[in-house]
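Notes follow once the structure below has been shown.
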Amino acid sequence: MRVQDVIRGEKQALTFSDWGNGKMPKAKFPLSKAGKKAWSFGPAWDWRFAEFEFAGRQFVVRLLVCEDKSKAHIHLGLRTSRDTTVLCSYEYHVDHETGWHLHTLCGEKNSIDTAPTGTLVHGPWIKRLPSARSRHNRTAFKREGHGGLKPWLWSETVRFFRLSAKDMFT
């Protein structure tokens, strides 16, 4: 199974968490090899999770946003018994390469079964789409519309990962 299959697939048992702030519950997105860097988000960061089943497996989407820094990170992970395999990261940073971009598995590591477990997406098997020097088609980071930045980012998460539109703006 590939990352694209998970994103495009029909999700089952979809649940959403409420918005949180500051320290996140590690049990929602455990990363055994990522170290402190995966959790070193301060009180300026807000977060939310979506969990679902696909093809008999458990997946989780973690949305992190810092309005002050105009940054967002949306991670798709495959849950194992006590760890997470991060399959891709959909990101926006205003401080460099402005625009939405995706870091995802490619080549021989595109199969979710061979992806490294317990760490954030990095390594020679990761591809950035579009590349850093390419034109970015999606450059908006909207603070207005949809009732504010967090609801808009949640709608982007739902759109990109093809989650149910249910409770999209809550």
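Please note that chains go A, B, ... in the order of the structure tokens, that every chain numbers its residues from 1, and that ligands are numbered from 1 in the order shown.
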List as a PDB file with all heavy atoms, in the first residue's frame the protein and nucleic acid residues near range 19-29 of chain A, meaning an atom at most 10 Å away when only C-alpha atoms are counted, but skip any in the same chain fewer than 5 places from it.
ATOM      1  N   ALA A  38      10.314  16.454  18.364  1.00  0.00           N
ATOM      2  CA  ALA A  38       8.967  16.183  17.876  1.00  0.00           C
ATOM      3  C   ALA A  38       7.892  16.724  18.803  1.00  0.00           C
ATOM      4  O   ALA A  38       6.731  16.826  18.412  1.00  0.00           O
ATOM      5  CB  ALA A  38       8.780  14.682  17.689  1.00  0.00           C
ATOM      6  N   TRP A  39       8.256  17.076  20.029  1.00  0.00           N
ATOM      7  CA  TRP A  39       7.286  17.522  21.020  1.00  0.00           C
ATOM      8  C   TRP A  39       7.621  18.893  21.599  1.00  0.00           C
ATOM      9  O   TRP A  39       6.970  19.330  22.532  1.00  0.00           O
ATOM     10  CB  TRP A  39       7.201  16.501  22.159  1.00  0.00           C
ATOM     11  CG  TRP A  39       6.752  15.192  21.630  1.00  0.00           C
ATOM     12  CD1 TRP A  39       7.532  14.097  21.375  1.00  0.00           C
ATOM     13  CD2 TRP A  39       5.441  14.838  21.231  1.00  0.00           C
ATOM     14  NE1 TRP A  39       6.783  13.099  20.851  1.00  0.00           N
ATOM     15  CE2 TRP A  39       5.484  13.523  20.750  1.00  0.00           C
ATOM     16  CE3 TRP A  39       4.226  15.510  21.232  1.00  0.00           C
ATOM     17  CZ2 TRP A  39       4.362  12.869  20.282  1.00  0.00           C
ATOM     18  CZ3 TRP A  39       3.105  14.843  20.758  1.00  0.00           C
ATOM     19  CH2 TRP A  39       3.187  13.545  20.292  1.00  0.00           C
ATOM     20  N   SER A  40       8.615  19.583  21.092  1.00  0.00           N
ATOM     21  CA  SER A  40       9.062  20.841  21.683  1.00  0.00           C
ATOM     22  C   SER A  40       8.290  22.042  21.136  1.00  0.00           C
ATOM     23  O   SER A  40       8.861  22.987  20.647  1.00  0.00           O
ATOM     24  CB  SER A  40      10.560  21.023  21.458  1.00  0.00           C
ATOM     25  OG  SER A  40      10.834  21.074  20.074  1.00  0.00           O
ATOM     26  N   PHE A  41       6.966  21.964  21.201  1.00  0.00           N
ATOM     27  CA  PHE A  41       6.124  23.067  20.758  1.00  0.00           C
ATOM     28  C   PHE A  41       5.652  23.821  21.985  1.00  0.00           C
ATOM     29  O   PHE A  41       5.184  23.231  22.946  1.00  0.00           O
ATOM     30  CB  PHE A  41       4.933  22.542  19.957  1.00  0.00           C
ATOM     31  CG  PHE A  41       5.343  21.804  18.728  1.00  0.00           C
ATOM     32  CD1 PHE A  41       5.399  20.426  18.713  1.00  0.00           C
ATOM     33  CD2 PHE A  41       5.707  22.492  17.587  1.00  0.00           C
ATOM     34  CE1 PHE A  41       5.794  19.743  17.582  1.00  0.00           C
ATOM     35  CE2 PHE A  41       6.108  21.818  16.453  1.00  0.00           C
ATOM     36  CZ  PHE A  41       6.154  20.436  16.449  1.00  0.00           C
ATOM     37  N   GLY A  42       5.757  25.128  21.951  1.00  0.00           N
ATOM     38  CA  GLY A  42       5.402  25.942  23.108  1.00  0.00           C
ATOM     39  C   GLY A  42       3.937  26.322  23.127  1.00  0.00           C
ATOM     40  O   GLY A  42       3.132  25.856  22.309  1.00  0.00           O
ATOM     41  N   PRO A  43       3.575  27.222  24.030  1.00  0.00           N
ATOM     42  CA  PRO A  43       2.172  27.611  24.201  1.00  0.00           C
ATOM     43  C   PRO A  43       1.587  28.377  23.013  1.00  0.00           C
ATOM     44  O   PRO A  43       0.375  28.535  22.926  1.00  0.00           O
ATOM     45  CB  PRO A  43       2.196  28.489  25.456  1.00  0.00           C
ATOM     46  CG  PRO A  43       3.595  28.958  25.584  1.00  0.00           C
ATOM     47  CD  PRO A  43       4.457  27.886  24.982  1.00  0.00           C
ATOM     48  N   ALA A  44       2.419  28.828  22.082  1.00  0.00           N
ATOM     49  CA  ALA A  44       1.907  29.530  20.903  1.00  0.00           C
ATOM     50  C   ALA A  44       1.312  28.560  19.878  1.00  0.00           C
ATOM     51  O   ALA A  44       0.647  28.981  18.942  1.00  0.00           O
ATOM     52  CB  ALA A  44       3.018  30.345  20.249  1.00  0.00           C
ATOM     53  N   TRP A  45       1.570  27.271  20.058  1.00  0.00           N
ATOM     54  CA  TRP A  45       1.109  26.258  19.099  1.00  0.00           C
ATOM     55  C   TRP A  45      -0.217  25.654  19.539  1.00  0.00           C
ATOM     56  O   TRP A  45      -0.400  25.297  20.696  1.00  0.00           O
ATOM     57  CB  TRP A  45       2.142  25.155  18.946  1.00  0.00           C
ATOM     58  CG  TRP A  45       3.361  25.600  18.201  1.00  0.00           C
ATOM     59  CD1 TRP A  45       4.435  26.273  18.707  1.00  0.00           C
ATOM     60  CD2 TRP A  45       3.635  25.407  16.821  1.00  0.00           C
ATOM     61  NE1 TRP A  45       5.359  26.514  17.723  1.00  0.00           N
ATOM     62  CE2 TRP A  45       4.892  25.982  16.548  1.00  0.00           C
ATOM     63  CE3 TRP A  45       2.950  24.793  15.781  1.00  0.00           C
ATOM     64  CZ2 TRP A  45       5.467  25.971  15.291  1.00  0.00           C
ATOM     65  CZ3 TRP A  45       3.526  24.769  14.524  1.00  0.00           C
ATOM     66  CH2 TRP A  45       4.765  25.362  14.286  1.00  0.00           C
ATOM     67  N   ASP A  46      -1.122  25.516  18.578  1.00  0.00           N
ATOM     68  CA  ASP A  46      -2.384  24.809  18.783  1.00  0.00           C
ATOM     69  C   ASP A  46      -2.330  23.505  17.992  1.00  0.00           C
ATOM     70  O   ASP A  46      -1.619  23.410  16.984  1.00  0.00           O
ATOM     71  CB  ASP A  46      -3.568  25.655  18.295  1.00  0.00           C
ATOM     72  CG  ASP A  46      -3.759  26.910  19.125  1.00  0.00           C
ATOM     73  OD1 ASP A  46      -3.778  26.786  20.364  1.00  0.00           O
ATOM     74  OD2 ASP A  46      -3.893  27.992  18.531  1.00  0.00           O
ATOM     75  N   TRP A  47      -3.094  22.518  18.413  1.00  0.00           N
ATOM     76  CA  TRP A  47      -3.069  21.213  17.768  1.00  0.00           C
ATOM     77  C   TRP A  47      -4.443  20.566  17.781  1.00  0.00           C
ATOM     78  O   TRP A  47      -5.308  20.911  18.582  1.00  0.00           O
ATOM     79  CB  TRP A  47      -2.048  20.301  18.424  1.00  0.00           C
ATOM     80  CG  TRP A  47      -2.127  20.274  19.929  1.00  0.00           C
ATOM     81  CD1 TRP A  47      -1.377  21.025  20.798  1.00  0.00           C
ATOM     82  CD2 TRP A  47      -3.015  19.502  20.743  1.00  0.00           C
ATOM     83  NE1 TRP A  47      -1.749  20.753  22.095  1.00  0.00           N
ATOM     84  CE2 TRP A  47      -2.756  19.818  22.093  1.00  0.00           C
ATOM     85  CE3 TRP A  47      -4.014  18.576  20.469  1.00  0.00           C
ATOM     86  CZ2 TRP A  47      -3.445  19.236  23.141  1.00  0.00           C
ATOM     87  CZ3 TRP A  47      -4.707  17.991  21.519  1.00  0.00           C
ATOM     88  CH2 TRP A  47      -4.410  18.325  22.838  1.00  0.00           C
ATOM     89  N   ARG A  48      -4.602  19.622  16.855  1.00  0.00           N
ATOM     90  CA  ARG A  48      -5.834  18.833  16.755  1.00  0.00           C
ATOM     91  C   ARG A  48      -5.497  17.517  16.058  1.00  0.00           C
ATOM     92  O   ARG A  48      -4.580  17.467  15.243  1.00  0.00           O
ATOM     93  CB  ARG A  48      -6.887  19.600  15.967  1.00  0.00           C
ATOM     94  CG  ARG A  48      -8.265  18.975  16.035  1.00  0.00           C
ATOM     95  CD  ARG A  48      -9.308  19.841  15.374  1.00  0.00           C
ATOM     96  NE  ARG A  48     -10.617  19.304  15.690  1.00  0.00           N
ATOM     97  CZ  ARG A  48     -11.731  19.726  15.135  1.00  0.00           C
ATOM     98  NH1 ARG A  48     -11.701  20.708  14.251  1.00  0.00           N
ATOM     99  NH2 ARG A  48     -12.883  19.186  15.459  1.00  0.00           N
ATOM    100  N   PHE A  49      -6.248  16.488  16.370  1.00  0.00           N
ATOM    101  CA  PHE A  49      -6.024  15.163  15.791  1.00  0.00           C
ATOM    102  C   PHE A  49      -7.288  14.645  15.108  1.00  0.00           C
ATOM    103  O   PHE A  49      -8.394  14.941  15.539  1.00  0.00           O
ATOM    104  CB  PHE A  49      -5.634  14.156  16.880  1.00  0.00           C
ATOM    105  CG  PHE A  49      -4.327  14.443  17.530  1.00  0.00           C
ATOM    106  CD1 PHE A  49      -4.266  15.193  18.695  1.00  0.00           C
ATOM    107  CD2 PHE A  49      -3.144  13.968  17.001  1.00  0.00           C
ATOM    108  CE1 PHE A  49      -3.058  15.471  19.311  1.00  0.00           C
ATOM    109  CE2 PHE A  49      -1.931  14.237  17.603  1.00  0.00           C
ATOM    110  CZ  PHE A  49      -1.888  14.983  18.766  1.00  0.00           C
ATOM    111  N   ALA A  50      -7.087  13.857  14.067  1.00  0.00           N
ATOM    112  CA  ALA A  50      -8.149  13.066  13.447  1.00  0.00           C
ATOM    113  C   ALA A  50      -7.628  11.636  13.382  1.00  0.00           C
ATOM    114  O   ALA A  50      -6.453  11.417  13.050  1.00  0.00           O
ATOM    115  CB  ALA A  50      -8.466  13.579  12.048  1.00  0.00           C
ATOM    116  N   GLU A  51      -8.467  10.680  13.710  1.00  0.00           N
ATOM    117  CA  GLU A  51      -8.075   9.273  13.643  1.00  0.00           C
ATOM    118  C   GLU A  51      -9.079   8.533  12.781  1.00  0.00           C
ATOM    119  O   GLU A  51     -10.272   8.855  12.787  1.00  0.00           O
ATOM    120  CB  GLU A  51      -8.020   8.674  15.045  1.00  0.00           C
ATOM    121  CG  GLU A  51      -6.969   9.343  15.920  1.00  0.00           C
ATOM    122  CD  GLU A  51      -6.899   8.751  17.311  1.00  0.00           C
ATOM    123  OE1 GLU A  51      -6.559   7.557  17.425  1.00  0.00           O
ATOM    124  OE2 GLU A  51      -7.209   9.491  18.262  1.00  0.00           O
ATOM    125  N   PHE A  59      -4.904   4.937  11.411  1.00  0.00           N
ATOM    126  CA  PHE A  59      -4.145   6.101  10.973  1.00  0.00           C
ATOM    127  C   PHE A  59      -4.517   7.295  11.828  1.00  0.00           C
ATOM    128  O   PHE A  59      -5.613   7.359  12.384  1.00  0.00           O
ATOM    129  CB  PHE A  59      -4.421   6.412   9.499  1.00  0.00           C
ATOM    130  CG  PHE A  59      -3.933   5.347   8.565  1.00  0.00           C
ATOM    131  CD1 PHE A  59      -4.735   4.274   8.237  1.00  0.00           C
ATOM    132  CD2 PHE A  59      -2.658   5.414   8.037  1.00  0.00           C
ATOM    133  CE1 PHE A  59      -4.287   3.283   7.386  1.00  0.00           C
ATOM    134  CE2 PHE A  59      -2.195   4.425   7.180  1.00  0.00           C
ATOM    135  CZ  PHE A  59      -3.012   3.352   6.854  1.00  0.00           C
ATOM    136  N   VAL A  60      -3.595   8.253  11.899  1.00  0.00           N
ATOM    137  CA  VAL A  60      -3.850   9.479  12.656  1.00  0.00           C
ATOM    138  C   VAL A  60      -3.280  10.663  11.878  1.00  0.00           C
ATOM    139  O   VAL A  60      -2.226  10.561  11.248  1.00  0.00           O
ATOM    140  CB  VAL A  60      -3.252   9.401  14.084  1.00  0.00           C
ATOM    141  CG1 VAL A  60      -1.754   9.258  14.052  1.00  0.00           C
ATOM    142  CG2 VAL A  60      -3.651  10.587  14.929  1.00  0.00           C
ATOM    143  N   VAL A  61      -4.019  11.772  11.895  1.00  0.00           N
ATOM    144  CA  VAL A  61      -3.573  13.027  11.299  1.00  0.00           C
ATOM    145  C   VAL A  61      -3.374  14.003  12.452  1.00  0.00           C
ATOM    146  O   VAL A  61      -4.263  14.186  13.275  1.00  0.00           O
ATOM    147  CB  VAL A  61      -4.611  13.580  10.302  1.00  0.00           C
ATOM    148  CG1 VAL A  61      -4.195  14.949   9.798  1.00  0.00           C
ATOM    149  CG2 VAL A  61      -4.805  12.616   9.141  1.00  0.00           C
ATOM    150  N   ARG A  62      -2.188  14.604  12.507  1.00  0.00           N
ATOM    151  CA  ARG A  62      -1.859  15.577  13.554  1.00  0.00           C
ATOM    152  C   ARG A  62      -1.687  16.938  12.894  1.00  0.00           C
ATOM    153  O   ARG A  62      -0.849  17.124  12.031  1.00  0.00           O
ATOM    154  CB  ARG A  62      -0.572  15.158  14.258  1.00  0.00           C
ATOM    155  CG  ARG A  62      -0.097  16.159  15.297  1.00  0.00           C
ATOM    156  CD  ARG A  62       1.129  15.684  16.026  1.00  0.00           C
ATOM    157  NE  ARG A  62       2.342  15.908  15.245  1.00  0.00           N
ATOM    158  CZ  ARG A  62       3.575  15.789  15.742  1.00  0.00           C
ATOM    159  NH1 ARG A  62       3.762  15.427  16.994  1.00  0.00           N
ATOM    160  NH2 ARG A  62       4.622  16.019  14.976  1.00  0.00           N
ATOM    161  N   LEU A  63      -2.500  17.902  13.318  1.00  0.00           N
ATOM    162  CA  LEU A  63      -2.422  19.266  12.802  1.00  0.00           C
ATOM    163  C   LEU A  63      -1.810  20.154  13.877  1.00  0.00           C
ATOM    164  O   LEU A  63      -2.307  20.205  15.001  1.00  0.00           O
ATOM    165  CB  LEU A  63      -3.822  19.774  12.436  1.00  0.00           C
ATOM    166  CG  LEU A  63      -3.997  21.262  12.144  1.00  0.00           C
ATOM    167  CD1 LEU A  63      -3.119  21.715  10.990  1.00  0.00           C
ATOM    168  CD2 LEU A  63      -5.447  21.583  11.855  1.00  0.00           C
ATOM    169  N   LEU A  64      -0.726  20.836  13.530  1.00  0.00           N
ATOM    170  CA  LEU A  64      -0.054  21.790  14.415  1.00  0.00           C
ATOM    171  C   LEU A  64      -0.068  23.146  13.732  1.00  0.00           C
ATOM    172  O   LEU A  64       0.256  23.243  12.544  1.00  0.00           O
ATOM    173  CB  LEU A  64       1.404  21.390  14.639  1.00  0.00           C
ATOM    174  CG  LEU A  64       1.682  20.029  15.218  1.00  0.00           C
ATOM    175  CD1 LEU A  64       3.145  19.655  15.033  1.00  0.00           C
ATOM    176  CD2 LEU A  64       1.324  20.036  16.679  1.00  0.00           C
ATOM    177  N   VAL A  65      -0.402  24.195  14.474  1.00  0.00           N
ATOM    178  CA  VAL A  65      -0.432  25.526  13.883  1.00  0.00           C
ATOM    179  C   VAL A  65       0.053  26.553  14.888  1.00  0.00           C
ATOM    180  O   VAL A  65      -0.260  26.484  16.065  1.00  0.00           O
ATOM    181  CB  VAL A  65      -1.848  25.887  13.363  1.00  0.00           C
ATOM    182  CG1 VAL A  65      -2.864  25.863  14.478  1.00  0.00           C
ATOM    183  CG2 VAL A  65      -1.852  27.249  12.691  1.00  0.00           C
ATOM    184  N   CYS A  66       0.860  27.489  14.392  1.00  0.00           N
ATOM    185  CA  CYS A  66       1.310  28.632  15.189  1.00  0.00           C
ATOM    186  C   CYS A  66       0.970  29.887  14.397  1.00  0.00           C
ATOM    187  O   CYS A  66       1.643  30.204  13.408  1.00  0.00           O
ATOM    188  CB  CYS A  66       2.801  28.560  15.468  1.00  0.00           C
ATOM    189  SG  CYS A  66       3.389  29.935  16.467  1.00  0.00           S
ATOM    190  N   HIS A  75       0.677  16.179   9.802  1.00  0.00           N
ATOM    191  CA  HIS A  75       1.332  14.886   9.627  1.00  0.00           C
ATOM    192  C   HIS A  75       0.308  13.776   9.509  1.00  0.00           C
ATOM    193  O   HIS A  75      -0.644  13.728  10.290  1.00  0.00           O
ATOM    194  CB  HIS A  75       2.244  14.575  10.820  1.00  0.00           C
ATOM    195  CG  HIS A  75       3.316  15.575  11.026  1.00  0.00           C
ATOM    196  ND1 HIS A  75       3.285  16.486  12.065  1.00  0.00           N
ATOM    197  CD2 HIS A  75       4.441  15.829  10.336  1.00  0.00           C
ATOM    198  CE1 HIS A  75       4.366  17.245  11.999  1.00  0.00           C
ATOM    199  NE2 HIS A  75       5.080  16.876  10.947  1.00  0.00           N
ATOM    200  N   LEU A  76       0.536  12.862   8.570  1.00  0.00           N
ATOM    201  CA  LEU A  76      -0.259  11.645   8.447  1.00  0.00           C
ATOM    202  C   LEU A  76       0.590  10.498   8.957  1.00  0.00           C
ATOM    203  O   LEU A  76       1.719  10.299   8.484  1.00  0.00           O
ATOM    204  CB  LEU A  76      -0.659  11.393   6.992  1.00  0.00           C
ATOM    205  CG  LEU A  76      -1.304  10.033   6.699  1.00  0.00           C
ATOM    206  CD1 LEU A  76      -2.642   9.889   7.433  1.00  0.00           C
ATOM    207  CD2 LEU A  76      -1.480   9.850   5.198  1.00  0.00           C
ATOM    208  N   GLY A  77       0.074   9.754   9.928  1.00  0.00           N
ATOM    209  CA  GLY A  77       0.831   8.660  10.507  1.00  0.00           C
ATOM    210  C   GLY A  77       0.055   7.359  10.541  1.00  0.00           C
ATOM    211  O   GLY A  77      -1.167   7.349  10.689  1.00  0.00           O
ATOM    212  N   LEU A  78       0.765   6.266  10.394  1.00  0.00           N
ATOM    213  CA  LEU A  78       0.231   4.914  10.550  1.00  0.00           C
ATOM    214  C   LEU A  78       0.522   4.477  11.975  1.00  0.00           C
ATOM    215  O   LEU A  78       1.687   4.475  12.401  1.00  0.00           O
ATOM    216  CB  LEU A  78       0.894   3.957   9.552  1.00  0.00           C
ATOM    217  CG  LEU A  78       0.652   2.465   9.747  1.00  0.00           C
ATOM    218  CD1 LEU A  78      -0.818   2.128   9.571  1.00  0.00           C
ATOM    219  CD2 LEU A  78       1.511   1.670   8.769  1.00  0.00           C
ATOM    220  N   ARG A  79      -0.502   4.128  12.734  1.00  0.00           N
ATOM    221  CA  ARG A  79      -0.326   3.718  14.123  1.00  0.00           C
ATOM    222  C   ARG A  79       0.031   2.251  14.195  1.00  0.00           C
ATOM    223  O   ARG A  79      -0.579   1.421  13.557  1.00  0.00           O
ATOM    224  CB  ARG A  79      -1.617   3.943  14.910  1.00  0.00           C
ATOM    225  CG  ARG A  79      -2.022   5.385  15.073  1.00  0.00           C
ATOM    226  CD  ARG A  79      -1.134   6.183  16.008  1.00  0.00           C
ATOM    227  NE  ARG A  79      -1.107   5.658  17.341  1.00  0.00           N
ATOM    228  CZ  ARG A  79      -1.916   6.010  18.320  1.00  0.00           C
ATOM    229  NH1 ARG A  79      -2.840   6.913  18.111  1.00  0.00           N
ATOM    230  NH2 ARG A  79      -1.794   5.479  19.505  1.00  0.00           N
ATOM    231  N   ARG A  82       2.688   0.688  19.623  1.00  0.00           N
ATOM    232  CA  ARG A  82       3.158   1.746  20.523  1.00  0.00           C
ATOM    233  C   ARG A  82       3.964   2.822  19.804  1.00  0.00           C
ATOM    234  O   ARG A  82       4.755   3.520  20.432  1.00  0.00           O
ATOM    235  CB  ARG A  82       4.023   1.152  21.620  1.00  0.00           C
ATOM    236  CG  ARG A  82       3.244   0.295  22.562  1.00  0.00           C
ATOM    237  CD  ARG A  82       4.107  -0.143  23.697  1.00  0.00           C
ATOM    238  NE  ARG A  82       3.313  -0.909  24.629  1.00  0.00           N
ATOM    239  CZ  ARG A  82       3.808  -1.775  25.468  1.00  0.00           C
ATOM    240  NH1 ARG A  82       5.103  -1.992  25.492  1.00  0.00           N
ATOM    241  NH2 ARG A  82       3.028  -2.419  26.288  1.00  0.00           N
ATOM    242  N   ASP A  83       3.766   2.953  18.513  1.00  0.00           N
ATOM    243  CA  ASP A  83       4.568   3.892  17.748  1.00  0.00           C
ATOM    244  C   ASP A  83       3.763   4.395  16.558  1.00  0.00           C
ATOM    245  O   ASP A  83       2.655   3.935  16.297  1.00  0.00           O
ATOM    246  CB  ASP A  83       5.860   3.227  17.269  1.00  0.00           C
ATOM    247  CG  ASP A  83       7.055   4.164  17.310  1.00  0.00           C
ATOM    248  OD1 ASP A  83       6.851   5.390  17.318  1.00  0.00           O
ATOM    249  OD2 ASP A  83       8.184   3.660  17.337  1.00  0.00           O
ATOM    250  N   THR A  84       4.357   5.331  15.822  1.00  0.00           N
ATOM    251  CA  THR A  84       3.733   5.896  14.633  1.00  0.00           C
ATOM    252  C   THR A  84       4.754   5.914  13.500  1.00  0.00           C
ATOM    253  O   THR A  84       5.903   6.275  13.702  1.00  0.00           O
ATOM    254  CB  THR A  84       3.258   7.345  14.895  1.00  0.00           C
ATOM    255  OG1 THR A  84       2.411   7.352  16.040  1.00  0.00           O
ATOM    256  CG2 THR A  84       2.504   7.911  13.709  1.00  0.00           C
ATOM    257  N   THR A  85       4.308   5.535  12.318  1.00  0.00           N
ATOM    258  CA  THR A  85       5.108   5.682  11.111  1.00  0.00           C
ATOM    259  C   THR A  85       4.578   6.903  10.387  1.00  0.00           C
ATOM    260  O   THR A  85       3.425   6.914   9.932  1.00  0.00           O
ATOM    261  CB  THR A  85       4.982   4.441  10.207  1.00  0.00           C
ATOM    262  OG1 THR A  85       5.418   3.289  10.922  1.00  0.00           O
ATOM    263  CG2 THR A  85       5.808   4.598   8.939  1.00  0.00           C
ATOM    264  N   VAL A  86       5.378   7.966  10.323  1.00  0.00           N
ATOM    265  CA  VAL A  86       4.947   9.198   9.654  1.00  0.00           C
ATOM    266  C   VAL A  86       5.090   8.981   8.154  1.00  0.00           C
ATOM    267  O   VAL A  86       6.185   8.737   7.650  1.00  0.00           O
ATOM    268  CB  VAL A  86       5.760  10.414  10.127  1.00  0.00           C
ATOM    269  CG1 VAL A  86       5.320  11.666   9.386  1.00  0.00           C
ATOM    270  CG2 VAL A  86       5.595  10.607  11.633  1.00  0.00           C
ATOM    271  N   GLY A 118       8.645   5.611  14.004  1.00  0.00           N
ATOM    272  CA  GLY A 118       9.049   6.325  15.202  1.00  0.00           C
ATOM    273  C   GLY A 118       9.802   7.611  14.995  1.00  0.00           C
ATOM    274  O   GLY A 118      10.357   8.172  15.930  1.00  0.00           O
ATOM    275  N   LYS A 150      -7.702  28.770  12.478  1.00  0.00           N
ATOM    276  CA  LYS A 150      -7.823  27.352  12.847  1.00  0.00           C
ATOM    277  C   LYS A 150      -8.927  26.640  12.070  1.00  0.00           C
ATOM    278  O   LYS A 150      -8.676  25.562  11.535  1.00  0.00           O
ATOM    279  CB  LYS A 150      -7.998  27.187  14.356  1.00  0.00           C
ATOM    280  CG  LYS A 150      -6.737  27.489  15.122  1.00  0.00           C
ATOM    281  CD  LYS A 150      -6.773  27.057  16.576  1.00  0.00           C
ATOM    282  CE  LYS A 150      -7.920  27.569  17.341  1.00  0.00           C
ATOM    283  NZ  LYS A 150      -7.871  27.288  18.779  1.00  0.00           N
ATOM    284  N   THR A 170     -15.718  22.754  13.272  1.00  0.00           N
ATOM    285  CA  THR A 170     -15.874  22.812  14.724  1.00  0.00           C
ATOM    286  C   THR A 170     -14.543  22.844  15.412  1.00  0.00           C
ATOM    287  O   THR A 170     -13.544  22.537  14.846  1.00  0.00           O
ATOM    288  CB  THR A 170     -16.685  21.622  15.249  1.00  0.00           C
ATOM    289  OG1 THR A 170     -16.009  20.418  14.902  1.00  0.00           O
ATOM    290  CG2 THR A 170     -18.080  21.643  14.703  1.00  0.00           C
TER     291      THR A 170
END
Residue nearest Gly56 in chain A among A:Ser70, A:Gln12, A:Ser17, A:Ser155 (counting only C-alpha atoms) = A:Gln12
Excluding Val3 in chain A and residues on its chain fewer than 3 positions from it, collect all residues at most 7 Å away from it, counting only C-alpha atoms, and give them as number ranges by chain.
-> A: 6-7, 87, 110, 112
Can you work out the spacing between CA of His101 in chain A and CA of Ser89 in chain A in Å, to one decimal?
-> 8.3 Å
Write down as a PyMOL selection string the residues of range 8-74 of chain A whose backbone DSSP state falls under strand (DSSP E or B).
-> chain A and resi 12-16+20-21+46-54+57-66+71-74
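For the pair CA of Val158 in chain A and CA of Asp113 in chain A, the separation is 24.2 Å.
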Excluding Gly9 in chain A and residues on its chain fewer than 4 positions from it, collect all residues at most 9 Å away from it, counting only C-alpha atoms, and give them as a VMD selection string.
-> chain A and resid 4 to 5 54 to 55 162
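Shortest separation to Leu31 in chain A among A:Ser81, A:Tyr92, A:Thr114, A:His103 occurs at residue A:Ser81, atoms counted being only C-alpha atoms.
Among A:Ala115, A:Met1, A:Leu149, A:Leu105, the residue with the shortest atom-to-atom distance to Lys71 in chain A, counting only C-alpha atoms, is A:Leu149.
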Atomic distance CA of Thr104 in chain A - CA of Glu91 in chain A, expressed in Å with one decimal = 11.0 Å
